[in-house]
$ cat input-v6.pdb   # PDB, C-alpha atoms, pLDDT in the B column
ATOM      1  CA  MET A 174       0.000   0.000   0.000  1.00 52.00           C
ATOM      2  CA  SER A 175       0.986   3.658  -0.120  1.00 60.00           C
ATOM      3  CA  ASP A 176       3.021   5.481   2.527  1.00 71.00           C
ATOM      4  CA  ILE A 177       0.885   8.596   2.102  1.00 72.00           C
ATOM      5  CA  ASP A 178      -1.243   9.467   5.144  1.00 70.00           C
ATOM      6  CA  LEU A 179      -4.830   9.947   3.973  1.00 69.00           C
ATOM      7  CA  SER A 180      -6.455   9.756   7.422  1.00 67.00           C
ATOM      8  CA  TYR A 181      -7.564  13.387   7.163  1.00 61.00           C
ATOM      9  CA  LEU A 182      -9.992  12.418   4.396  1.00 69.00           C
ATOM     10  CA  ALA A 183     -12.207  10.673   6.940  1.00 69.00           C
ATOM     11  CA  SER A 184     -13.146  13.934   8.610  1.00 73.00           C
ATOM     12  CA  PRO A 185     -13.502  17.472   7.216  1.00 72.00           C
ATOM     13  CA  ALA A 186     -12.573  18.827  10.652  1.00 72.00           C
ATOM     14  CA  ALA A 187      -9.301  16.887  10.548  1.00 68.00           C
ATOM     15  CA  LEU A 188      -8.592  18.247   7.065  1.00 66.00           C
ATOM     16  CA  PHE A 189      -9.126  21.865   8.174  1.00 67.00           C
ATOM     17  CA  ALA A 190      -7.010  21.302  11.288  1.00 68.00           C
ATOM     18  CA  SER A 191      -4.223  19.886   9.119  1.00 65.00           C
ATOM     19  CA  LEU A 192      -4.361  22.850   6.754  1.00 63.00           C
ATOM     20  CA  ALA A 193      -4.419  25.330   9.638  1.00 61.00           C
ATOM     21  CA  ARG A 194      -1.223  23.853  11.069  1.00 64.00           C
ATOM     22  CA  GLU A 195       0.588  24.134   7.737  1.00 61.00           C
ATOM     23  CA  ALA A 196      -0.661  27.460   6.358  1.00 60.00           C
ATOM     24  CA  PRO A 197       0.149  30.897   7.764  1.00 65.00           C
ATOM     25  CA  LEU A 198      -2.776  32.793   9.238  1.00 79.00           C
ATOM     26  CA  ASN A 199      -2.240  35.864   7.104  1.00 88.00           C
ATOM     27  CA  CYS A 200      -0.728  37.030   3.847  1.00 91.00           C
ATOM     28  CA  THR A 201       1.905  39.728   4.186  1.00 93.00           C
ATOM     29  CA  TRP A 202       2.201  42.327   1.425  1.00 94.00           C
ATOM     30  CA  THR A 203       5.427  44.272   0.958  1.00 93.00           C
ATOM     31  CA  GLN A 204       5.775  47.501  -0.985  1.00 92.00           C
ATOM     32  CA  ASN A 205       8.609  47.558  -3.511  1.00 88.00           C
ATOM     33  CA  ASP A 206       9.832  50.710  -5.185  1.00 80.00           C
ATOM     34  CA  ASP A 207      12.130  50.679  -8.151  1.00 72.00           C
ATOM     35  CA  GLU A 208      13.103  53.343 -10.668  1.00 67.00           C
ATOM     36  CA  ASP A 209      10.129  52.747 -12.961  1.00 68.00           C
ATOM     37  CA  ASN A 210       7.208  51.880 -10.685  1.00 73.00           C
ATOM     38  CA  SER A 211       5.888  51.078  -7.239  1.00 82.00           C
ATOM     39  CA  TYR A 212       4.061  47.840  -6.543  1.00 91.00           C
ATOM     40  CA  TRP A 213       3.031  45.544  -3.704  1.00 93.00           C
ATOM     41  CA  ALA A 214       4.119  41.888  -3.586  1.00 92.00           C
ATOM     42  CA  ALA A 215       1.851  39.292  -1.958  1.00 91.00           C
ATOM     43  CA  ALA A 216       3.832  36.760   0.082  1.00 88.00           C
ATOM     44  CA  CYS A 217       1.342  33.954  -0.549  1.00 85.00           C
ATOM     45  CA  CYS A 218       2.052  33.493  -4.216  1.00 81.00           C
ATOM     46  CA  ASP A 219       4.343  36.261  -5.452  1.00 79.00           C
ATOM     47  CA  HIS A 220       1.526  38.116  -7.205  1.00 90.00           C
ATOM     48  CA  LEU A 221       2.134  41.810  -7.745  1.00 92.00           C
ATOM     49  CA  PHE A 222      -0.482  44.537  -7.276  1.00 92.00           C
ATOM     50  CA  VAL A 223      -0.355  48.258  -8.097  1.00 92.00           C
ATOM     51  CA  PHE A 224      -2.381  50.933  -6.290  1.00 90.00           C
ATOM     52  CA  ASN A 225      -2.750  54.410  -7.746  1.00 87.00           C
ATOM     53  CA  ASP A 226      -2.827  55.909  -4.257  1.00 87.00           C
ATOM     54  CA  GLY A 227      -1.986  54.398  -0.873  1.00 87.00           C
ATOM     55  CA  GLY A 228      -1.547  50.742  -0.087  1.00 89.00           C
ATOM     56  CA  PRO A 229      -3.765  47.719   0.547  1.00 92.00           C
ATOM     57  CA  VAL A 230      -5.142  48.866   3.912  1.00 91.00           C
ATOM     58  CA  GLU A 231      -5.833  52.426   2.703  1.00 93.00           C
ATOM     59  CA  ASN A 232      -7.740  50.968  -0.243  1.00 94.00           C
ATOM     60  CA  GLY A 233      -9.977  48.752   1.919  1.00 94.00           C
ATOM     61  CA  PHE A 234      -8.235  45.412   1.386  1.00 94.00           C
ATOM     62  CA  ARG A 235      -8.773  43.205   4.436  1.00 95.00           C
ATOM     63  CA  TYR A 236      -8.133  39.887   2.707  1.00 94.00           C
ATOM     64  CA  CYS A 237      -5.723  38.859  -0.026  1.00 92.00           C
ATOM     65  CA  PRO A 238      -7.632  38.470  -3.310  1.00 92.00           C
ATOM     66  CA  TYR A 239      -5.267  35.654  -4.328  1.00 90.00           C
ATOM     67  CA  CYS A 240      -5.234  33.302  -1.308  1.00 88.00           C
ATOM     68  CA  GLY A 241      -8.122  34.634   0.821  1.00 89.00           C
ATOM     69  CA  ARG A 242      -6.057  34.977   3.994  1.00 90.00           C
ATOM     70  CA  GLU A 243      -6.242  38.057   6.186  1.00 93.00           C
ATOM     71  CA  LEU A 244      -3.942  40.712   4.731  1.00 93.00           C
ATOM     72  CA  SER A 245      -1.185  42.500   6.636  1.00 92.00           C
ATOM     73  CA  GLU A 246       1.352  45.030   5.444  1.00 92.00           C
ATOM     74  CA  ASN A 247       5.049  44.463   6.014  1.00 87.00           C
ATOM     75  CA  GLU A 248       6.254  47.055   8.524  1.00 68.00           C
ATOM     76  CA  ASN A 249       9.511  47.334   6.596  1.00 66.00           C
ATOM     77  CA  SER A 250       7.779  48.438   3.382  1.00 58.00           C
ATOM     78  CA  ASN A 251       9.315  51.224   1.351  1.00 59.00           C
ATOM     79  CA  ALA A 252       6.380  53.573   1.837  1.00 51.00           C
TER      80      ALA A 252
END

$ encode --input "input-v6.pdb" --output "structure tokens"
Amino acid sequence: MSDIDLSYLASPAALFASLAREAPLNCTWTQNDDEDNSYWAAACCDHLFVFNDGGPVENGFRYCPYCGRELSENENSNA
């Protein structure tokens, strides 16, 4: 038989508990400035996002549109 543990399939609660242990609780976005543009990088999947004014929090983003986790801004952003 296989060495893969599939015990979590027996219970949705066990599956969610397993995912919660492995996944971070939030998605941190970091502002990056270079010579040509300013953009925000999502830590969850390396997506990039551009705001015309302000950052994610100032534009009403509470959750990452890519992974769905609660969004937080990196305190070391180049604001």

$ resolve_selection --input "input-v6.pdb" --expression "the PyMOL selection byres ((chain A and resi 246) around 8)" --output "list of chain:residue names"
A:Thr201, A:Trp202, A:Thr203, A:Pro229, A:Val230, A:Leu244, A:Ser245, A:Asn247, A:Glu248, A:Ser250

$ residues_around --input "input-v6.pdb" --residues "A:Tyr212" --least-positions-apart "3" --cutoff "9 Å" --atoms "all atoms listed in the file" --output "compact mmCIF listing (two decimals) with C-alpha atoms, keeping the file's coordinate frame"
# COMPACT_ATOMS: atom_id res chain seq x y z
CA THR A 203 5.43 44.27 0.96
CA GLN A 204 5.78 47.50 -0.98
CA ASN A 205 8.61 47.56 -3.51
CA ASP A 206 9.83 50.71 -5.18
CA ASP A 207 12.13 50.68 -8.15
CA LEU A 221 2.13 41.81 -7.74
CA PHE A 222 -0.48 44.54 -7.28
CA VAL A 223 -0.36 48.26 -8.10
CA PHE A 224 -2.38 50.93 -6.29

$ resolve_selection --input "input-v6.pdb" --expression "the PyMOL selection byres ((chain A and resi 237) around 9)" --output "list in words"
Asn199, Cys200, Thr201, Trp202, Ala215, Cys217, Phe234, Arg235, Tyr236, Pro238, Tyr239, Cys240, Gly241, Arg242, Glu243, Leu244 and Ser245 of chain A

$ atom_distance --input "input-v6.pdb" --atom1 "atom CA of A:Ser211" --atom2 "atom CA of A:Asn225"
9.3 Å

$ atom_distance --input "input-v6.pdb" --atom1 "atom CA of A:Cys218" --atom2 "atom CA of A:Glu231"
21.6 Å

$ axis_aligned_box --input "input-v6.pdb" --around "stretch 232-248 of chain A" --padding-each-side "3 Å" --output "AutoDock Vina command-line options"
--center_x -1.9 --center_y 42.1 --center_z 2.1 --size_x 22.2 --size_y 23.7 --size_z 18.9
